[in-house]
file model-v9.cif (mmCIF, C-alpha atoms and all ligand atoms)
data_protein
loop_
_atom_site.label_atom_id
_atom_site.label_comp_id
_atom_site.auth_asym_id
_atom_site.auth_seq_id
_atom_site.Cartn_x
_atom_site.Cartn_y
_atom_site.Cartn_z
CA MET A 1 -23.41 -26.93 5.58
CA LYS A 2 -21.68 -24.26 3.47
CA THR A 3 -17.98 -23.56 4.04
CA ARG A 4 -17.60 -20.35 6.06
CA ILE A 5 -14.79 -18.07 4.90
CA LEU A 6 -14.00 -14.93 6.86
CA VAL A 7 -11.97 -12.25 5.07
CA LEU A 8 -10.72 -9.37 7.23
CA GLY A 9 -10.14 -6.18 5.23
CA ALA A 10 -11.71 -5.14 1.91
CA GLY A 11 -8.59 -3.65 0.34
CA PHE A 12 -6.65 -4.85 -2.69
CA GLY A 13 -6.18 -8.35 -1.23
CA GLY A 14 -9.61 -8.85 0.37
CA LEU A 15 -11.58 -7.54 -2.62
CA GLU A 16 -9.74 -9.72 -5.13
CA LEU A 17 -9.94 -12.81 -2.92
CA SER A 18 -13.69 -12.40 -2.33
CA THR A 19 -14.29 -11.75 -6.05
CA LEU A 20 -12.40 -14.88 -7.10
CA LEU A 21 -14.19 -17.05 -4.52
CA SER A 22 -17.55 -15.71 -5.68
CA GLU A 23 -16.68 -16.33 -9.33
CA ALA A 24 -15.65 -19.92 -8.61
CA LEU A 25 -18.21 -21.00 -6.03
CA GLY A 26 -21.00 -18.37 -5.96
CA ASP A 27 -23.75 -19.15 -3.48
CA GLY A 28 -22.14 -22.49 -2.65
CA ILE A 29 -20.03 -20.78 0.04
CA GLU A 30 -20.54 -18.23 2.77
CA VAL A 31 -17.93 -15.46 2.54
CA THR A 32 -18.05 -12.70 5.13
CA LEU A 33 -15.86 -9.72 4.22
CA ILE A 34 -15.38 -7.15 6.99
CA ASP A 35 -14.05 -3.60 6.66
CA LYS A 36 -14.26 -0.60 8.96
CA ASN A 37 -14.56 1.91 6.09
CA ASP A 38 -17.42 2.64 3.71
CA SER A 39 -15.31 2.74 0.55
CA PHE A 40 -12.07 1.68 -1.12
CA MET A 41 -9.44 3.86 -2.79
CA PHE A 42 -6.24 3.02 -4.69
CA GLY A 43 -3.04 3.91 -2.84
CA PHE A 44 -1.73 5.90 -5.81
CA SER A 45 -4.81 8.14 -5.69
CA LYS A 46 -3.27 9.86 -2.66
CA LEU A 47 -0.64 11.46 -4.93
CA ASP A 48 -3.44 12.81 -7.15
CA ILE A 49 -5.23 14.21 -4.09
CA MET A 50 -2.17 15.93 -2.61
CA PHE A 51 -1.26 17.68 -5.85
CA GLY A 52 -4.86 18.71 -6.51
CA HIS A 53 -5.35 16.54 -9.63
CA ALA A 54 -8.55 15.01 -8.20
CA THR A 55 -10.73 15.11 -5.10
CA ALA A 56 -11.07 12.23 -2.66
CA ALA A 57 -14.83 12.15 -3.32
CA SER A 58 -14.26 11.45 -7.02
CA LEU A 59 -11.80 8.62 -6.28
CA ARG A 60 -13.71 6.69 -3.59
CA MET A 61 -15.35 3.40 -4.60
CA PRO A 62 -18.28 2.80 -2.24
CA TYR A 63 -18.55 -0.69 -0.77
CA LYS A 64 -22.30 -0.64 -1.37
CA ASN A 65 -21.42 -1.24 -5.04
CA PHE A 66 -19.51 -4.44 -4.23
CA ALA A 67 -22.19 -7.06 -4.83
CA LYS A 68 -21.04 -10.64 -5.40
CA PRO A 69 -22.98 -13.91 -5.03
CA GLY A 70 -21.99 -15.74 -1.85
CA VAL A 71 -20.28 -12.68 -0.30
CA ARG A 72 -21.67 -10.31 2.34
CA LEU A 73 -19.63 -7.21 3.08
CA LEU A 74 -20.09 -5.84 6.58
CA ARG A 75 -19.00 -2.40 7.72
CA GLN A 76 -17.57 -3.26 11.14
CA THR A 77 -14.25 -2.81 12.95
CA VAL A 78 -12.24 -5.91 13.81
CA LYS A 79 -11.40 -5.76 17.52
CA THR A 80 -9.86 -9.17 18.30
CA ILE A 81 -8.58 -12.11 16.29
CA ASP A 82 -8.12 -15.59 17.78
CA PRO A 83 -6.19 -17.47 15.08
CA VAL A 84 -6.33 -20.81 16.94
CA ALA A 85 -10.14 -20.83 17.21
CA ARG A 86 -10.50 -18.85 13.91
CA ARG A 87 -12.76 -16.51 15.86
CA VAL A 88 -13.01 -12.74 15.33
CA THR A 89 -14.90 -10.11 17.28
CA THR A 90 -16.11 -6.73 16.09
CA GLU A 91 -18.13 -4.05 17.88
CA SER A 92 -21.28 -5.88 16.67
CA GLY A 93 -20.59 -9.55 17.23
CA THR A 94 -18.47 -12.68 17.00
CA PHE A 95 -17.63 -14.55 13.78
CA GLU A 96 -16.25 -18.07 13.42
CA ALA A 97 -14.92 -19.55 10.23
CA ASP A 98 -13.59 -22.68 8.55
CA PHE A 99 -11.01 -20.49 6.82
CA LEU A 100 -9.80 -17.12 8.06
CA ILE A 101 -7.87 -14.70 5.84
CA VAL A 102 -6.22 -11.65 7.37
CA ALA A 103 -5.98 -8.85 4.76
CA LEU A 104 -5.99 -5.81 7.04
CA GLY A 105 -3.08 -4.05 5.34
CA ALA A 106 -0.56 -1.90 7.22
CA ASP A 107 -1.16 1.02 9.60
CA TYR A 108 0.96 4.11 10.17
CA ASP A 109 2.84 4.44 13.43
CA MET A 110 3.13 8.23 13.78
CA ALA A 111 4.39 7.94 17.35
CA ALA A 112 7.45 5.98 16.19
CA THR A 113 8.88 9.22 14.75
CA PRO A 114 8.80 11.89 17.48
CA GLY A 115 7.78 15.30 16.13
CA LEU A 116 6.29 13.95 12.87
CA ALA A 117 2.66 14.59 13.85
CA GLU A 118 3.45 18.14 15.08
CA ALA A 119 5.89 19.42 12.47
CA GLY A 120 5.44 17.21 9.40
CA HIS A 121 2.76 16.10 6.97
CA GLU A 122 2.30 12.45 6.08
CA PHE A 123 0.82 11.93 2.60
CA TYR A 124 0.07 8.19 2.85
CA SER A 125 -3.50 8.47 4.23
CA ILE A 126 -6.45 10.18 2.54
CA ALA A 127 -6.71 12.73 5.38
CA GLY A 128 -2.94 13.35 5.21
CA ALA A 129 -2.98 13.85 1.43
CA GLU A 130 -5.91 16.29 1.79
CA ARG A 131 -4.00 18.29 4.41
CA VAL A 132 -0.95 18.50 2.13
CA ARG A 133 -3.17 19.81 -0.67
CA GLU A 134 -4.26 22.62 1.68
CA VAL A 135 -0.69 23.45 2.73
CA LEU A 136 1.10 23.30 -0.65
CA PRO A 137 -0.28 26.57 -2.11
CA SER A 138 1.35 28.56 0.71
CA PHE A 139 4.77 26.93 0.11
CA THR A 140 6.47 29.39 -2.22
CA LYS A 141 10.07 29.38 -0.98
CA GLY A 142 12.45 27.39 1.21
CA HIS A 143 13.36 23.75 1.70
CA ALA A 144 10.90 20.91 1.04
CA LEU A 145 12.11 17.66 2.57
CA ILE A 146 10.53 14.35 1.58
CA GLY A 147 11.50 11.85 4.25
CA VAL A 148 10.84 8.15 4.76
CA CYS A 149 10.76 7.21 8.45
CA GLY A 150 11.08 3.42 8.18
CA ALA A 151 11.18 0.42 5.86
CA PRO A 152 9.37 -1.64 4.72
CA TYR A 153 6.77 0.86 3.54
CA LYS A 154 3.99 0.72 0.93
CA CYS A 155 4.87 1.08 -2.74
CA PRO A 156 8.65 1.63 -2.69
CA PRO A 157 8.62 4.10 -5.66
CA ALA A 158 5.86 6.35 -4.16
CA PRO A 159 8.15 8.84 -2.33
CA SER A 160 10.28 9.16 -5.51
CA GLU A 161 7.07 9.92 -7.41
CA CYS A 162 6.21 12.51 -4.76
CA ALA A 163 9.57 14.27 -5.27
CA LEU A 164 9.18 14.40 -9.05
CA MET A 165 5.55 15.54 -8.86
CA LEU A 166 6.47 18.23 -6.31
CA HIS A 167 9.07 19.54 -8.77
CA ASP A 168 6.37 19.81 -11.47
CA TYR A 169 3.90 21.41 -9.06
CA LEU A 170 6.36 24.10 -7.95
CA SER A 171 7.58 24.70 -11.54
CA GLN A 172 4.01 25.19 -12.79
CA ARG A 173 3.47 27.79 -10.06
CA GLY A 174 6.68 29.59 -11.04
CA VAL A 175 8.31 29.17 -7.60
CA ARG A 176 10.66 26.21 -8.22
CA GLU A 177 13.77 28.41 -8.31
CA ALA A 178 12.99 29.74 -4.84
CA CYS A 179 12.62 26.21 -3.43
CA GLU A 180 14.95 23.31 -2.71
CA ILE A 181 13.77 19.69 -2.73
CA SER A 182 15.59 16.94 -0.83
CA PHE A 183 14.62 13.28 -0.53
CA VAL A 184 15.81 11.03 2.32
CA LEU A 185 15.30 7.27 1.81
CA PRO A 186 16.35 4.35 4.04
CA LEU A 187 16.74 2.08 0.99
CA SER A 188 20.04 1.94 -0.90
CA SER A 189 18.31 2.97 -4.14
CA PRO A 190 14.77 4.04 -5.17
CA VAL A 191 13.75 0.57 -6.46
CA PRO A 192 16.35 -1.94 -5.19
CA PRO A 193 15.25 -4.98 -7.27
CA SER A 194 15.69 -2.99 -10.49
CA PRO A 195 19.03 -1.14 -10.81
CA GLU A 196 17.94 0.21 -14.22
CA THR A 197 14.76 1.76 -12.78
CA SER A 198 16.77 3.16 -9.87
CA ARG A 199 19.34 4.71 -12.24
CA ALA A 200 16.55 6.35 -14.26
CA LEU A 201 14.99 7.81 -11.12
CA VAL A 202 18.33 9.06 -9.77
CA ALA A 203 19.03 10.68 -13.16
CA ALA A 204 15.56 12.30 -13.09
CA PHE A 205 16.30 13.71 -9.60
CA ALA A 206 19.65 15.11 -10.80
CA GLU A 207 18.10 16.72 -13.92
CA ARG A 208 15.57 18.49 -11.70
CA GLY A 209 17.97 19.54 -8.95
CA ILE A 210 16.42 17.20 -6.37
CA GLU A 211 18.98 16.24 -3.72
CA PHE A 212 18.80 12.50 -3.06
CA HIS A 213 20.07 10.91 0.18
CA PRO A 214 19.84 7.08 0.00
CA SER A 215 20.48 4.70 2.92
CA ARG A 216 19.43 7.41 5.40
CA ARG A 217 16.36 7.49 7.62
CA VAL A 218 14.43 10.30 9.27
CA THR A 219 14.33 9.28 12.94
CA SER A 220 12.64 12.35 14.46
CA LEU A 221 11.65 15.97 13.82
CA ASP A 222 12.36 18.90 16.11
CA PRO A 223 9.19 21.01 15.77
CA GLY A 224 10.70 24.05 17.56
CA ARG A 225 13.71 24.35 15.27
CA ARG A 226 12.02 22.79 12.20
CA VAL A 227 14.87 20.36 11.77
CA ALA A 228 14.74 16.69 10.75
CA ILE A 229 17.08 14.35 12.60
CA ILE A 230 18.65 11.82 10.25
CA ASP A 231 19.89 8.46 11.62
CA GLU A 232 19.60 9.91 15.14
CA LYS A 233 22.60 12.20 14.66
CA ASP A 234 22.64 14.49 11.60
CA GLU A 235 20.34 17.46 11.12
CA MET A 236 18.53 18.76 8.05
CA PRO A 237 16.46 21.95 8.33
CA PHE A 238 13.15 22.14 6.47
CA ASP A 239 10.29 24.53 5.77
CA LEU A 240 7.95 21.79 4.55
CA PHE A 241 8.27 18.13 5.60
CA LEU A 242 6.38 15.52 3.57
CA GLY A 243 6.78 12.18 5.33
CA VAL A 244 6.17 8.49 4.91
CA PRO A 245 5.52 7.26 8.47
CA LYS A 246 6.86 4.02 9.84
CA HIS A 247 4.43 1.17 9.04
CA ARG A 248 3.16 -1.66 11.26
CA VAL A 249 0.37 -4.26 11.28
CA PRO A 250 -2.97 -2.96 12.64
CA GLU A 251 -3.51 -3.18 16.40
CA PRO A 252 -5.80 -6.28 16.43
CA VAL A 253 -3.16 -8.22 14.48
CA LEU A 254 -0.45 -7.16 16.95
CA ALA A 255 -2.64 -8.16 19.90
CA SER A 256 -3.50 -11.54 18.32
CA GLY A 257 0.12 -12.66 18.59
CA MET A 258 0.18 -13.51 14.86
CA ALA A 259 2.95 -11.00 14.05
CA GLU A 260 6.65 -11.68 14.55
CA ASN A 261 9.19 -8.88 14.05
CA GLY A 262 6.33 -6.61 13.08
CA TRP A 263 4.70 -8.67 10.30
CA ILE A 264 2.74 -11.92 9.93
CA PRO A 265 5.03 -14.84 8.99
CA VAL A 266 3.61 -16.92 6.12
CA ASN A 267 4.73 -19.58 3.71
CA PRO A 268 5.56 -17.17 0.83
CA ARG A 269 4.16 -19.48 -1.83
CA THR A 270 0.90 -20.55 -0.12
CA LEU A 271 0.29 -17.60 2.26
CA GLU A 272 -0.52 -20.06 5.05
CA THR A 273 0.27 -18.89 8.57
CA LYS A 274 1.35 -21.33 11.26
CA TYR A 275 -2.30 -21.61 12.35
CA PRO A 276 -4.31 -24.28 10.44
CA GLY A 277 -6.89 -22.73 8.12
CA VAL A 278 -5.53 -19.21 8.63
CA TYR A 279 -3.92 -17.23 5.79
CA ALA A 280 -2.51 -13.69 5.48
CA VAL A 281 -2.33 -11.70 2.24
CA GLY A 282 -1.21 -8.19 1.35
CA ASP A 283 0.79 -5.59 3.25
CA GLY A 284 0.52 -7.33 6.64
CA ALA A 285 2.09 -10.60 5.46
CA ASN A 286 5.83 -11.16 5.35
CA THR A 287 6.26 -12.75 1.91
CA GLY A 288 9.49 -11.09 0.79
CA THR A 289 7.57 -9.18 -1.91
CA PRO A 290 6.83 -5.43 -1.69
CA LYS A 291 3.87 -3.88 0.06
CA ALA A 292 1.91 -3.02 -3.07
CA GLY A 293 -1.62 -3.62 -4.30
CA VAL A 294 -0.55 -5.67 -7.27
CA PHE A 295 1.31 -8.09 -4.99
CA ALA A 296 -1.64 -8.28 -2.56
CA GLU A 297 -3.78 -9.23 -5.55
CA GLY A 298 -1.34 -11.95 -6.66
CA ALA A 299 -1.28 -13.44 -3.15
CA ALA A 300 -5.10 -13.35 -3.03
CA LYS A 301 -5.22 -15.32 -6.28
CA ALA A 302 -3.05 -18.09 -4.82
CA VAL A 303 -5.21 -18.31 -1.66
CA ALA A 304 -8.46 -18.32 -3.68
CA GLU A 305 -7.18 -21.22 -5.82
CA ALA A 306 -6.08 -23.14 -2.73
CA LEU A 307 -9.45 -22.70 -1.01
CA VAL A 308 -11.41 -23.65 -4.13
CA ALA A 309 -9.28 -26.80 -4.52
CA LYS A 310 -9.86 -27.73 -0.86
CA ILE A 311 -13.61 -27.07 -0.98
CA ARG A 312 -14.03 -29.06 -4.20
CA SER A 313 -11.56 -31.71 -2.98
CA ALA A 314 -10.09 -31.50 -6.47
CA GLY A 315 -7.15 -29.96 -8.27
CA ALA A 316 -3.97 -28.39 -7.06
CA ALA A 317 -3.44 -24.70 -6.45
CA THR A 318 -0.85 -22.65 -8.35
CA PRO A 319 1.53 -21.09 -5.81
CA TYR A 320 1.90 -17.30 -5.44
CA SER A 321 4.10 -16.13 -8.32
CA GLY A 322 5.69 -13.15 -6.56
CA PHE A 323 5.46 -11.25 -9.85
CA GLY A 324 4.10 -7.71 -10.14
CA SER A 325 4.24 -4.52 -12.19
CA CYS A 326 4.36 -1.07 -10.64
CA TYR A 327 3.72 2.19 -12.49
CA ILE A 328 5.95 5.14 -11.63
CA GLU A 329 5.04 8.83 -12.16
CA PHE A 330 8.14 10.53 -13.60
CA GLY A 331 6.47 13.95 -13.89
CA GLY A 332 5.52 15.79 -17.05
CA GLY A 333 2.61 13.39 -17.49
CA ARG A 334 4.98 10.51 -18.27
CA ILE A 335 4.81 7.17 -16.52
CA GLY A 336 7.41 4.41 -16.29
CA ARG A 337 6.88 0.81 -15.25
CA VAL A 338 8.92 -1.80 -13.48
CA ASP A 339 8.04 -5.51 -13.63
CA VAL A 340 9.59 -7.52 -10.82
CA ASP A 341 9.80 -11.27 -10.49
CA PHE A 342 10.68 -12.11 -6.88
CA PHE A 343 10.61 -15.89 -6.81
CA SER A 344 11.91 -17.32 -10.13
CA GLY A 345 15.61 -16.75 -9.55
CA PRO A 346 18.02 -16.68 -6.64
CA LYS A 347 17.35 -12.93 -6.36
CA PRO A 348 14.57 -10.62 -7.61
CA ILE A 349 14.76 -9.63 -11.28
CA GLY A 350 13.38 -6.25 -12.34
CA THR A 351 12.61 -5.13 -15.89
CA TYR A 352 12.41 -1.39 -16.55
CA HIS A 353 10.09 0.30 -19.06
CA ALA A 354 11.11 3.91 -19.74
CA PRO A 355 8.54 6.62 -19.00
CA SER A 356 6.13 7.53 -21.77
CA ILE A 357 2.73 9.07 -22.31
CA GLU A 358 1.49 5.66 -23.59
CA LEU A 359 2.17 4.02 -20.24
CA ARG A 360 -0.23 6.53 -18.64
CA SER A 361 -3.12 4.84 -20.42
CA ASP A 362 -1.83 1.45 -19.18
CA LYS A 363 -1.99 2.77 -15.61
CA GLU A 364 -5.46 4.18 -16.21
CA HIS A 365 -6.53 0.78 -17.52
CA PHE A 366 -5.05 -0.89 -14.41
CA GLY A 367 -7.29 1.27 -12.19
CA ALA A 368 -10.38 1.18 -14.41
CA SER A 369 -10.29 -2.62 -14.77
CA ARG A 370 -10.24 -3.13 -10.96
CA ARG A 371 -12.95 -0.54 -10.48
CA ALA A 372 -15.17 -2.34 -13.00
CA ARG A 373 -14.36 -5.86 -11.76
CA TRP A 374 -14.94 -5.15 -8.07
CA PHE A 375 -17.52 -2.36 -8.08
CA GLY A 376 -19.18 -2.48 -11.52
CA MET A 377 -18.38 1.25 -11.89
C1 LIG B 401 0.99 6.93 -1.90
C2 LIG B 401 0.79 5.49 -2.25
C3 LIG B 401 0.95 5.06 -3.56
C4 LIG B 401 0.78 3.72 -3.90
N1 LIG B 401 0.93 3.34 -5.21
C5 LIG B 401 0.74 2.04 -5.55
C6 LIG B 401 0.84 1.63 -6.92
O1 LIG B 401 1.09 2.44 -7.82
N2 LIG B 401 0.66 0.31 -7.20
C7 LIG B 401 0.38 -0.61 -6.23
O2 LIG B 401 0.21 -1.79 -6.55
N3 LIG B 401 0.29 -0.25 -4.92
C8 LIG B 401 0.44 1.04 -4.56
N4 LIG B 401 0.33 1.43 -3.25
C9 LIG B 401 0.22 0.39 -2.19
C10 LIG B 401 -1.17 -0.20 -2.06
O3 LIG B 401 -2.13 0.81 -1.83
C11 LIG B 401 -1.19 -1.20 -0.90
O4 LIG B 401 -0.03 -1.99 -0.93
C12 LIG B 401 -2.41 -2.10 -1.00
O5 LIG B 401 -3.57 -1.36 -0.81
C13 LIG B 401 -2.32 -3.26 -0.01
O6 LIG B 401 -3.45 -4.06 -0.08
P1 LIG B 401 -3.97 -4.79 1.24
O7 LIG B 401 -5.17 -5.56 0.83
O8 LIG B 401 -2.88 -5.49 1.93
O9 LIG B 401 -4.37 -3.60 2.23
P2 LIG B 401 -5.34 -2.37 2.01
O10 LIG B 401 -5.67 -2.16 0.58
O11 LIG B 401 -4.74 -1.25 2.78
O12 LIG B 401 -6.68 -2.84 2.74
C14 LIG B 401 -6.75 -3.09 4.10
C15 LIG B 401 -8.17 -2.86 4.55
O13 LIG B 401 -8.31 -3.28 5.92
C16 LIG B 401 -9.19 -2.38 6.56
N5 LIG B 401 -8.93 -2.43 7.99
C17 LIG B 401 -7.77 -2.15 8.65
N6 LIG B 401 -7.93 -2.34 10.00
C18 LIG B 401 -9.22 -2.75 10.16
C19 LIG B 401 -9.97 -3.15 11.29
N7 LIG B 401 -9.45 -3.14 12.53
N8 LIG B 401 -11.26 -3.54 11.11
C20 LIG B 401 -11.81 -3.56 9.87
N9 LIG B 401 -11.14 -3.19 8.75
C21 LIG B 401 -9.86 -2.80 8.90
C22 LIG B 401 -8.88 -1.02 5.94
O14 LIG B 401 -9.98 -0.15 6.06
C23 LIG B 401 -8.59 -1.39 4.49
O15 LIG B 401 -9.71 -1.24 3.64
C24 LIG B 401 0.46 2.77 -2.89
C25 LIG B 401 0.25 3.20 -1.57
C26 LIG B 401 0.40 4.54 -1.25
C27 LIG B 401 0.14 4.99 0.17
#
call {"tool": "encode", "arguments": {"input": "model-v9.cif", "output": "structure tokens", "more": "lines below"}}
Ligand SMILES: Cc1cc2nc3c(=O)[nH]c(=O)nc-3n(C[C@H](O)[C@H](O)[C@H](O)COP(=O)(O)OP(=O)(O)OC[C@H]3O[C@@H](n4cnc5c(N)ncnc54)[C@H](O)[C@@H]3O)c2cc1C
result
Amino acid sequence: MKTRILVLGAGFGGLELSTLLSEALGDGIEVTLIDKNDSFMFGFSKLDIMFGHATAASLRMPYKNFAKPGVRLLRQTVKTIDPVARRVTTESGTFEADFLIVALGADYDMAATPGLAEAGHEFYSIAGAERVREVLPSFTKGHALIGVCGAPYKCPPAPSECALMLHDYLSQRGVREACEISFVLPLSSPVPPSPETSRALVAAFAERGIEFHPSRRVTSLDPGRRVAIIDEKDEMPFDLFLGVPKHRVPEPVLASGMAENGWIPVNPRTLETKYPGVYAVGDGANTGTPKAGVFAEGAAKAVAEALVAKIRSAGAATPYSGFGSCYIEFGGGRIGRVDVDFFSGPKPIGTYHAPSIELRSDKEHFGASRRARWFGM
């Protein structure tokens, strides 16, 4: 009988894991990949949507194009997960597996920040980014506040990118002088593992007159007075609030009992959970590395190698490296990069690459290579 592998979530982690398993074992295994959506999109595409650089339709990668030997991709919604029995239910049926991999990403908890849904705009979902694109043209004067409502959150540099891109957007429309931009971040610096990257971002904020408030968190919004409450005590008025909502694991993961302190505990090098044959990769897993696609991919690689070694009863798997590179939009068409190695030393080591036009083509290649590898597009 073929080994049954059930992968929940066809995002960065699930797509890479399924691709690697197919490449190694093809029809020799039975991989079932389940996702509730009909297409995939890169996280960073949301910034392009909100600033009108591209439409969501042009950035979606339809799952019907994901065709890999040994893998069937089902469009269903995961309702329950029993990690002990490795049994999952969806609206259409029950699935059992020899190996279960949870790659369902992170959800947004809008209710955790009272007033956010009424008075603010989150830009982390496709629908949210599209709404911001509709609202931005009418913002011509006043105070734009970019606020992060909780950590950890996806892609630590993304709200910094949003601030710098907003500056460009308002400048191009000739209204920057009539607007203020502030940025409230619960982290001590924009990219804590890389002081050099953080210094460059803080300098870029200062050059553009963006007011930066580190180590502060937006805890609620008062829709009536259009005021953001910071750390439950201070107030900051706004005319436009662009928010990163608090993140949490999706509901079925919470209900399964797999999460502790909000996230799924795993062995950071093997991605094994405490349940035999059950792994977690990507944003939902607590590995100590950031919630970013490139890290989800690295974790998927380690799990794929481990499963192939087990199925072949041969070889040893290379542990998850905890290494990843993130591209950072600095505005003006220039992109910087930070490479971070989380596991080699006693603390994470970041290497900064100053923004340039050349790095834009590197980022484009990053996206295009995944698009081609997973979807043949
Ligand atoms: C604005 C922004 C910018 C970003 N920029 C970058 C960047 O430059 N570089 C980078 O590496 N990362 C970036 N990221 C982060 C990146 O998008 C995520 O970290 C990455 O997608 C995580 O991969 P994942 O596999 O864990 O989850 P995801 O890619 O989110 O995939 C999870 C999948 O699970 C599915 N799912 C969830 N619940 C269910 C359910 N109940 N039933 C069925 N399916 C379900 C979802 O539909 C989804 O397809 C950015 C994110 C944002 C929001």
call {"tool": "closest_atom_pairs", "arguments": {"input": "model-v9.cif", "of": "stretch 55-144 of chain A", "to": "stretch 27-46 of chain A", "cutoff": "7 Å", "atoms": "only C-alpha atoms", "output": "JSON lines"}}
result
{"residue": "A:Leu59", "atom": "CA", "partner": "A:Met41", "partner_atom": "CA", "distance": 6.4}
{"residue": "A:Arg60", "atom": "CA", "partner": "A:Met41", "partner_atom": "CA", "distance": 5.2}
{"residue": "A:Met61", "atom": "CA", "partner": "A:Phe40", "partner_atom": "CA", "distance": 5.1}
{"residue": "A:Pro62", "atom": "CA", "partner": "A:Ser39", "partner_atom": "CA", "distance": 4.1}
{"residue": "A:Tyr63", "atom": "CA", "partner": "A:Ser39", "partner_atom": "CA", "distance": 4.9}
{"residue": "A:Pro69", "atom": "CA", "partner": "A:Asp27", "partner_atom": "CA", "distance": 5.5}
{"residue": "A:Gly70", "atom": "CA", "partner": "A:Asp27", "partner_atom": "CA", "distance": 4.2}
{"residue": "A:Val71", "atom": "CA", "partner": "A:Val31", "partner_atom": "CA", "distance": 4.6}
{"residue": "A:Arg72", "atom": "CA", "partner": "A:Thr32", "partner_atom": "CA", "distance": 5.2}
{"residue": "A:Leu73", "atom": "CA", "partner": "A:Leu33", "partner_atom": "CA", "distance": 4.7}
{"residue": "A:Leu74", "atom": "CA", "partner": "A:Ile34", "partner_atom": "CA", "distance": 4.9}
{"residue": "A:Arg75", "atom": "CA", "partner": "A:Asp35", "partner_atom": "CA", "distance": 5.2}
{"residue": "A:Gln76", "atom": "CA", "partner": "A:Lys36", "partner_atom": "CA", "distance": 4.8}
{"residue": "A:Thr77", "atom": "CA", "partner": "A:Lys36", "partner_atom": "CA", "distance": 4.6}
{"residue": "A:Phe123", "atom": "CA", "partner": "A:Lys46", "partner_atom": "CA", "distance": 7.0}
{"residue": "A:Tyr124", "atom": "CA", "partner": "A:Lys46", "partner_atom": "CA", "distance": 6.7}
{"residue": "A:Ile126", "atom": "CA", "partner": "A:Lys46", "partner_atom": "CA", "distance": 6.1}
{"residue": "A:Ala129", "atom": "CA", "partner": "A:Lys46", "partner_atom": "CA", "distance": 5.7}
call {"tool": "residues_near_ligand", "arguments": {"input": "model-v9.cif", "ligand": "ligand LIG 401 (chain B)", "cutoff": "7 Å", "atoms": "all atoms listed in the file", "output": "count of residues only"}}
result
47
call {"tool": "residues_around", "arguments": {"input": "model-v9.cif", "residues": "stretch 196-207 of chain A", "least_positions_apart": "6", "cutoff": "8 Å", "atoms": "only C-alpha atoms", "output": "ChimeraX atom specification"}}
result
/A:160,164,189-190,330,338,351-353
call {"tool": "closest_atom_pairs", "arguments": {"input": "model-v9.cif", "of": "stretch 36-122 of chain A", "to": "stretch 132-148 of chain A", "cutoff": "9 Å", "atoms": "only C-alpha atoms", "output": "JSON lines"}}
result
{"residue": "A:Ile49", "atom": "CA", "partner": "A:Arg133", "partner_atom": "CA", "distance": 6.9}
{"residue": "A:Met50", "atom": "CA", "partner": "A:Arg133", "partner_atom": "CA", "distance": 4.5}
{"residue": "A:Phe51", "atom": "CA", "partner": "A:Arg133", "partner_atom": "CA", "distance": 5.9}
{"residue": "A:Gly52", "atom": "CA", "partner": "A:Arg133", "partner_atom": "CA", "distance": 6.2}
{"residue": "A:His121", "atom": "CA", "partner": "A:Val132", "partner_atom": "CA", "distance": 6.6}
{"residue": "A:Glu122", "atom": "CA", "partner": "A:Val132", "partner_atom": "CA", "distance": 7.9}
call {"tool": "write_last_selection", "arguments": {"input": "model-v9.cif", "atoms": "C-alpha atoms", "output": "PDB file, keeping the file's coordinate frame"}}
result
ATOM      1  CA  ILE A  49      -5.230  14.210  -4.090  1.00  0.00           C
ATOM      2  CA  MET A  50      -2.170  15.930  -2.610  1.00  0.00           C
ATOM      3  CA  PHE A  51      -1.260  17.680  -5.850  1.00  0.00           C
ATOM      4  CA  GLY A  52      -4.860  18.710  -6.510  1.00  0.00           C
ATOM      5  CA  HIS A 121       2.760  16.100   6.970  1.00  0.00           C
ATOM      6  CA  GLU A 122       2.300  12.450   6.080  1.00  0.00           C
TER       7      GLU A 122
END
call {"tool": "atom_distance", "arguments": {"input": "model-v9.cif", "atom1": "atom CA of A:Asp239", "atom2": "atom CA of A:Val227"}}
result
8.6 Å
call {"tool": "atom_distance", "arguments": {"input": "model-v9.cif", "atom1": "atom CA of A:Ala56", "atom2": "atom CA of A:Ser182"}}
result
27.1 Å
call {"tool": "atom_distance", "arguments": {"input": "model-v9.cif", "atom1": "atom CA of A:Ala299", "atom2": "atom CA of A:Phe323"}}
result
9.8 Å
call {"tool": "closest_residue", "arguments": {"input": "model-v9.cif", "among": "A:Lys347, A:Arg248, A:Lys363, A:Lys310", "to": "A:Gly150", "atoms": "all atoms listed in the file"}}
result
A:Arg248
call {"tool": "residues_around", "arguments": {"input": "model-v9.cif", "residues": "stretch 81-87 of chain A", "least_positions_apart": "2", "cutoff": "9 Å", "atoms": "all atoms listed in the file", "output": "ChimeraX atom specification"}}
result
/A:6,78-79,89,94-100,252-253,255-258,275-278
call {"tool": "residues_around", "arguments": {"input": "model-v9.cif", "residues": "A:Asp339", "least_positions_apart": "6", "cutoff": "6 Å", "atoms": "all atoms listed in the file", "output": "list of chain:residue names"}}
result
A:Gly324, A:Ser325, A:Gly350, A:Thr351
call {"tool": "closest_residue", "arguments": {"input": "model-v9.cif", "among": "A:Pro245, A:Gly26, A:Pro157, A:Gly209", "to": "A:Gly336", "atoms": "only C-alpha atoms"}}
result
A:Pro157
call {"tool": "axis_aligned_box", "arguments": {"input": "model-v9.cif", "around": "stretch 234-246 of chain A", "padding_each_side": "4 Å", "output": "JSON"}}
result
{"center_x": 14.1, "center_y": 14.3, "center_z": 7.6, "size_x": 25.1, "size_y": 28.5, "size_z": 16.0}
